[in-house]
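K.L.:
This is the structure I want to talk about, given as structure tokens.
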Amino acid sequence: MRRYLIMVLTFVGGLYFFLEFVLPEETGISDMVAEIGKVTLVIGGFAFLLGVINLLRLHTAKITMRRPGYHNSIALMVALFFMVIVHLWKYYANADDDDSVMRIYNLLWDRIRVPIDSTIFSLLAFYIVSAAYRSFRIKSAEAALMMGTAVIVMLGQIPMGQKVTLWLKGYETSPDWWWLAQVRVDTIREWLMQVMNAAAQRGIILGAAVGALALSMRIWLSLERGSFFDRQ
Amino acid sequence: MHATYAMMILIGVFCGPIVYYILVARAGRQIYIRPIPGLSAIDEAVGRATEMGRPVLYSTGLSYLNIIGLCSVAILSHVARLAARYDLRIVVPVNTYLLYPIAEESVREAYADEGKLDLFNAEDVLYVPGQFPYAAAVVGLMHREKPAANFFFGYFAAESLILAEAGSQVGAIQVAGTPDILQLPFFITACDYTIIGEEYYAATAYLTREPTMIGSLRGQDMGKVVMTTFVVLMFVFAILMGIWPGVFRSNWIVEMLLR
């Protein structure tokens, strides 16, 4: 019974959004979109609560059982509750920028949370180097082609690389040697990015969009099988 | 945003073949789909984890409750079932609160289906909010748990390479899949197998071999054939426009597409 109810709700919901997309605005069918969106917010609220409960359960168990690394869990719990209290305080006090609660909030968010985020993000630079080292090892003809292309793109991206072939720009107006101006590093880079790369990307995007459409149809018509979709 | 006439035609072009081939497959006709190495490698990766006696890590990335996230959970369901079958632990860090209960339920049901509900540990499905906190948490998990196989399926942003490189450092076999083209190069570089573009959405059909779903795969391929033919025809038309500008004009096509 529950399964059929879900199937009917999925179909009706999908049908509404399909009709909302294909029918013109004058029909007034779009008026309900915002109201239906609120349902998602309500469900999201419950789901968020589940997420917080999971965090609390996991780390409380870790602290009480004195599992390895439990001090990290203590730090997390303290940070979680402290941030919640400060945020609620700021919200209900209608705090201005000069208020002490606002200064505490800025300290926690702008001077602790944001720099920590930036630190993790900056690790990417080192990971890119190690990943690039592995990718650009010339092990085959294809790898050599990719390496050559990457060198051109990188050179074409930086001012120093562009300067290497900048002198060819002088041939732009030459009636016989005009084509030399077209083989500058930055011009080849642009061609690689705008033509070769863009064509491949658009091919993948088109395929992915059609794939998403097919999967959406399967879910809408409750045809998706073999996973949680066909459960009670 | 409402559909233009051109969009409606495209919906028909893509949905028509999908519905037709679903009906064909339901009628019992066998439909061939090409092998997708990345999806076949899922079994291999779980098998390796079983041999090494180490857990499996499945990351849904920053997937939200949308078609990308649902597809990721469908693949998670398959991986969790394999893990349960071989008495393995599966660790699933989830970034978004809307996907978290679905992922947890999916893993629980997978263990229950295999009759191993006692092996399921709810604490192995973690809720980790925030993009870089998520990246830091998953990298930490990899270094502590030393998973033998890592799966990255879903929507990823800048953290994709952080996760994949960290997984590579702990020596895990890695399978990734995302429809996001910006992260594909990172996964191709750092993972053993990468599923790209529409292969990501074909995963559940490929893994379950359900005839209806395979029919829809063939249908989407036919839709792409029609679209590719259209692109080639427009390419020829553009050349003819250059040769005989007085005869071939693009105005009517542009007007039709913009209506």
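Ordering of the structure tokens sets the chain letters (A, B, ...), residue numbers begin anew at 1 in every chain, and ligands are numbered from 1 in the order given.
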Which residues of chain A come within 6 Å of chain B, and for each one, what is the closest pair of atoms and their distance in Å to one decimal, counting only C-alpha atoms, sorted by chain and residue number, as a Markdown table?

P.N.:
| residue | atom | partner | partner_atom | distance |
| --- | --- | --- | --- | --- |
| A:Phe21 | CA | B:His2 | CA | 4.7 |
| A:Val22 | CA | B:Ala3 | CA | 4.9 |
| A:Gly44 | CA | B:Leu98 | CA | 5.8 |
| A:Ala47 | CA | B:Leu98 | CA | 5.4 |
| A:Phe48 | CA | B:Tyr97 | CA | 4.9 |
| A:Gly51 | CA | B:Tyr97 | CA | 5.5 |
| A:Leu58 | CA | B:Glu123 | CA | 5.9 |
| A:Asp117 | CA | B:Phe132 | CA | 5.6 |
| A:Ser135 | CA | B:Thr189 | CA | 5.9 |
| A:Ile204 | CA | B:Gly197 | CA | 5.2 |
| A:Gly207 | CA | B:Glu198 | CA | 5.0 |
| A:Ala208 | CA | B:Glu198 | CA | 4.1 |
| A:Gly211 | CA | B:Glu198 | CA | 4.8 |
| A:Gly226 | CA | B:Thr208 | CA | 5.7 |
| A:Ser227 | CA | B:Ala74 | CA | 5.4 |

K.L.:
Go ahead and save the residues from that selection, with N, CA and C atoms, as a short mmCIF file (atom, residue, chain, number, x, y, z; two decimals), in the first residue's frame.

P.N.:
data_model
loop_
_atom_site.label_atom_id
_atom_site.label_comp_id
_atom_site.auth_asym_id
_atom_site.auth_seq_id
_atom_site.Cartn_x
_atom_site.Cartn_y
_atom_site.Cartn_z
N PHE A 21 6.17 23.26 -16.78
CA PHE A 21 7.24 23.64 -17.72
C PHE A 21 6.71 23.84 -19.13
N VAL A 22 5.81 22.95 -19.57
CA VAL A 22 5.39 23.02 -20.98
C VAL A 22 4.21 23.96 -21.23
N GLY A 44 12.98 19.16 4.65
CA GLY A 44 14.40 19.43 4.87
C GLY A 44 14.69 19.70 6.34
N ALA A 47 14.90 16.43 8.09
CA ALA A 47 16.12 15.72 7.68
C ALA A 47 17.34 16.33 8.34
N PHE A 48 17.35 17.67 8.48
CA PHE A 48 18.47 18.35 9.12
C PHE A 48 18.59 17.90 10.57
N GLY A 51 20.27 14.68 10.79
CA GLY A 51 21.71 14.84 10.60
C GLY A 51 22.39 15.26 11.89
N LEU A 58 26.98 9.98 17.37
CA LEU A 58 28.30 9.45 17.01
C LEU A 58 29.37 9.95 17.98
N ASP A 117 38.73 26.78 6.41
CA ASP A 117 38.25 26.39 5.08
C ASP A 117 39.32 26.68 4.02
N SER A 135 50.02 12.18 -14.06
CA SER A 135 49.31 12.19 -15.35
C SER A 135 50.22 12.48 -16.52
N ILE A 204 29.93 15.59 -23.80
CA ILE A 204 29.69 14.96 -22.49
C ILE A 204 28.44 15.55 -21.84
N GLY A 207 25.31 14.19 -23.52
CA GLY A 207 25.07 12.81 -23.08
C GLY A 207 24.54 12.76 -21.67
N ALA A 208 25.17 13.56 -20.77
CA ALA A 208 24.74 13.56 -19.37
C ALA A 208 23.32 14.09 -19.23
N GLY A 211 21.00 11.43 -20.31
CA GLY A 211 21.01 10.40 -19.26
C GLY A 211 20.16 10.81 -18.07
N GLY A 226 15.77 -2.39 -8.63
CA GLY A 226 17.02 -2.96 -8.17
C GLY A 226 17.76 -2.11 -7.14
N SER A 227 17.12 -1.10 -6.66
CA SER A 227 17.77 -0.29 -5.62
C SER A 227 16.66 0.14 -4.67
#

K.L.:
Based on DSSP run over this structure's backbone, return all residues of segment 36-113 of chain A in helix (DSSP H, G or I), as a ChimeraX atom specification.

P.N.:
/A:36-64,70-92,100-113

K.L.:
Kindly save the residues from that selection, with C-alpha atoms included, as a PDB file, in the first residue's frame.

P.N.:
ATOM      1  CA  ILE A  36       5.067  23.346  -3.149  1.00  0.00           C
ATOM      2  CA  GLY A  37       8.651  24.505  -2.581  1.00  0.00           C
ATOM      3  CA  LYS A  38       7.757  25.124   1.083  1.00  0.00           C
ATOM      4  CA  VAL A  39       6.955  21.419   1.492  1.00  0.00           C
ATOM      5  CA  THR A  40      10.571  20.658   0.573  1.00  0.00           C
ATOM      6  CA  LEU A  41      11.708  23.132   3.246  1.00  0.00           C
ATOM      7  CA  VAL A  42       9.584  21.405   5.905  1.00  0.00           C
ATOM      8  CA  ILE A  43      10.903  17.945   4.942  1.00  0.00           C
ATOM      9  CA  GLY A  44      14.398  19.434   4.875  1.00  0.00           C
ATOM     10  CA  GLY A  45      13.958  20.675   8.439  1.00  0.00           C
ATOM     11  CA  PHE A  46      13.230  17.156   9.679  1.00  0.00           C
ATOM     12  CA  ALA A  47      16.122  15.715   7.678  1.00  0.00           C
ATOM     13  CA  PHE A  48      18.468  18.349   9.121  1.00  0.00           C
ATOM     14  CA  LEU A  49      17.422  17.310  12.607  1.00  0.00           C
ATOM     15  CA  LEU A  50      18.276  13.700  11.743  1.00  0.00           C
ATOM     16  CA  GLY A  51      21.707  14.837  10.602  1.00  0.00           C
ATOM     17  CA  VAL A  52      22.382  16.714  13.848  1.00  0.00           C
ATOM     18  CA  ILE A  53      21.142  13.732  15.888  1.00  0.00           C
ATOM     19  CA  ASN A  54      23.580  11.507  13.967  1.00  0.00           C
ATOM     20  CA  LEU A  55      26.452  13.881  14.767  1.00  0.00           C
ATOM     21  CA  LEU A  56      25.544  14.026  18.456  1.00  0.00           C
ATOM     22  CA  ARG A  57      25.024  10.252  18.736  1.00  0.00           C
ATOM     23  CA  LEU A  58      28.301   9.452  17.015  1.00  0.00           C
ATOM     24  CA  HIS A  59      30.454  11.836  19.011  1.00  0.00           C
ATOM     25  CA  THR A  60      28.723  11.288  22.362  1.00  0.00           C
ATOM     26  CA  ALA A  61      29.385   7.565  22.003  1.00  0.00           C
ATOM     27  CA  LYS A  62      32.996   8.290  21.101  1.00  0.00           C
ATOM     28  CA  ILE A  63      33.479  10.487  24.180  1.00  0.00           C
ATOM     29  CA  THR A  64      31.725   8.188  26.673  1.00  0.00           C
ATOM     30  CA  TYR A  70      37.736  11.264  21.572  1.00  0.00           C
ATOM     31  CA  HIS A  71      39.299  14.653  22.382  1.00  0.00           C
ATOM     32  CA  ASN A  72      38.518  15.692  18.781  1.00  0.00           C
ATOM     33  CA  SER A  73      34.887  14.821  19.438  1.00  0.00           C
ATOM     34  CA  ILE A  74      34.925  16.997  22.557  1.00  0.00           C
ATOM     35  CA  ALA A  75      36.275  19.887  20.453  1.00  0.00           C
ATOM     36  CA  LEU A  76      33.538  19.312  17.888  1.00  0.00           C
ATOM     37  CA  MET A  77      30.756  19.235  20.479  1.00  0.00           C
ATOM     38  CA  VAL A  78      32.033  22.378  22.216  1.00  0.00           C
ATOM     39  CA  ALA A  79      32.352  24.197  18.872  1.00  0.00           C
ATOM     40  CA  LEU A  80      28.905  23.031  17.769  1.00  0.00           C
ATOM     41  CA  PHE A  81      27.089  24.179  20.887  1.00  0.00           C
ATOM     42  CA  PHE A  82      29.098  27.387  21.253  1.00  0.00           C
ATOM     43  CA  MET A  83      28.352  28.360  17.646  1.00  0.00           C
ATOM     44  CA  VAL A  84      24.641  27.555  18.038  1.00  0.00           C
ATOM     45  CA  ILE A  85      24.388  29.618  21.240  1.00  0.00           C
ATOM     46  CA  VAL A  86      26.245  32.602  19.757  1.00  0.00           C
ATOM     47  CA  HIS A  87      24.200  32.480  16.564  1.00  0.00           C
ATOM     48  CA  LEU A  88      20.874  32.345  18.434  1.00  0.00           C
ATOM     49  CA  TRP A  89      22.030  35.122  20.751  1.00  0.00           C
ATOM     50  CA  LYS A  90      22.985  37.278  17.767  1.00  0.00           C
ATOM     51  CA  TYR A  91      19.675  36.554  16.059  1.00  0.00           C
ATOM     52  CA  TYR A  92      17.376  37.271  18.993  1.00  0.00           C
ATOM     53  CA  SER A 100      30.032  42.134  21.781  1.00  0.00           C
ATOM     54  CA  VAL A 101      28.044  39.125  20.552  1.00  0.00           C
ATOM     55  CA  MET A 102      28.694  40.202  16.979  1.00  0.00           C
ATOM     56  CA  ARG A 103      32.410  40.431  17.692  1.00  0.00           C
ATOM     57  CA  ILE A 104      32.358  36.906  19.109  1.00  0.00           C
ATOM     58  CA  TYR A 105      30.394  35.710  16.089  1.00  0.00           C
ATOM     59  CA  ASN A 106      32.856  37.324  13.668  1.00  0.00           C
ATOM     60  CA  LEU A 107      35.748  35.809  15.595  1.00  0.00           C
ATOM     61  CA  LEU A 108      34.230  32.346  15.303  1.00  0.00           C
ATOM     62  CA  TRP A 109      33.133  32.617  11.684  1.00  0.00           C
ATOM     63  CA  ASP A 110      35.420  35.055   9.879  1.00  0.00           C
ATOM     64  CA  ARG A 111      38.612  34.457  11.842  1.00  0.00           C
ATOM     65  CA  ILE A 112      38.396  30.746  12.647  1.00  0.00           C
ATOM     66  CA  ARG A 113      35.968  28.963  10.315  1.00  0.00           C
TER      67      ARG A 113
END

K.L.:
Can you pull out the residues contacting Ala49 of chain B? Cut-off 8 Å, using only C-alpha atoms, and skip same-chain residues under 4 positions away; I want them as a list of chain:residue names.

P.N.:
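Near neighbours after the sequence-gap exclusion: B:Ala45, B:Gly53, B:Arg54, B:Pro55, B:Val56, B:Leu88, B:Pro147, B:Ala148, B:Ala149.
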
K.L.:
What's the separation between atom CA of Val236 of chain B and atom CA of Leu206 of chain A, in Å to one decimal place?

P.N.:
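Between atom CA of Val236 of chain B and atom CA of Leu206 of chain A the gap is 20.3 Å.
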
K.L.:
Applying 9 Å and only C-alpha atoms, which residues near Thr165 of chain A remain after dropping the ones on its own chain fewer than 5 positions away? List them as a ChimeraX atom specification.

P.N.:
/A:181,183-186

K.L.:
Find the residues near Arg85 of chain B: any atom within 9 Å, counting only C-alpha atoms, skip ones fewer than 5 places away on the same chain, and give them as an MDAnalysis selection string.

P.N.:
chainID B and resid 80 111 114:116

K.L.:
Keeping only C-alpha atoms, write those residues as a PDB file, in the first residue's frame.

P.N.:
ATOM      1  CA  ALA B  80      26.390  -1.771   0.233  1.00  0.00           C
ATOM      2  CA  TYR B 111      22.442  -5.296   4.937  1.00  0.00           C
ATOM      3  CA  GLU B 114      21.590  -9.950   2.664  1.00  0.00           C
ATOM      4  CA  GLY B 115      20.475 -11.161   6.111  1.00  0.00           C
ATOM      5  CA  LYS B 116      23.356  -9.329   7.809  1.00  0.00           C
TER       6      LYS B 116
END
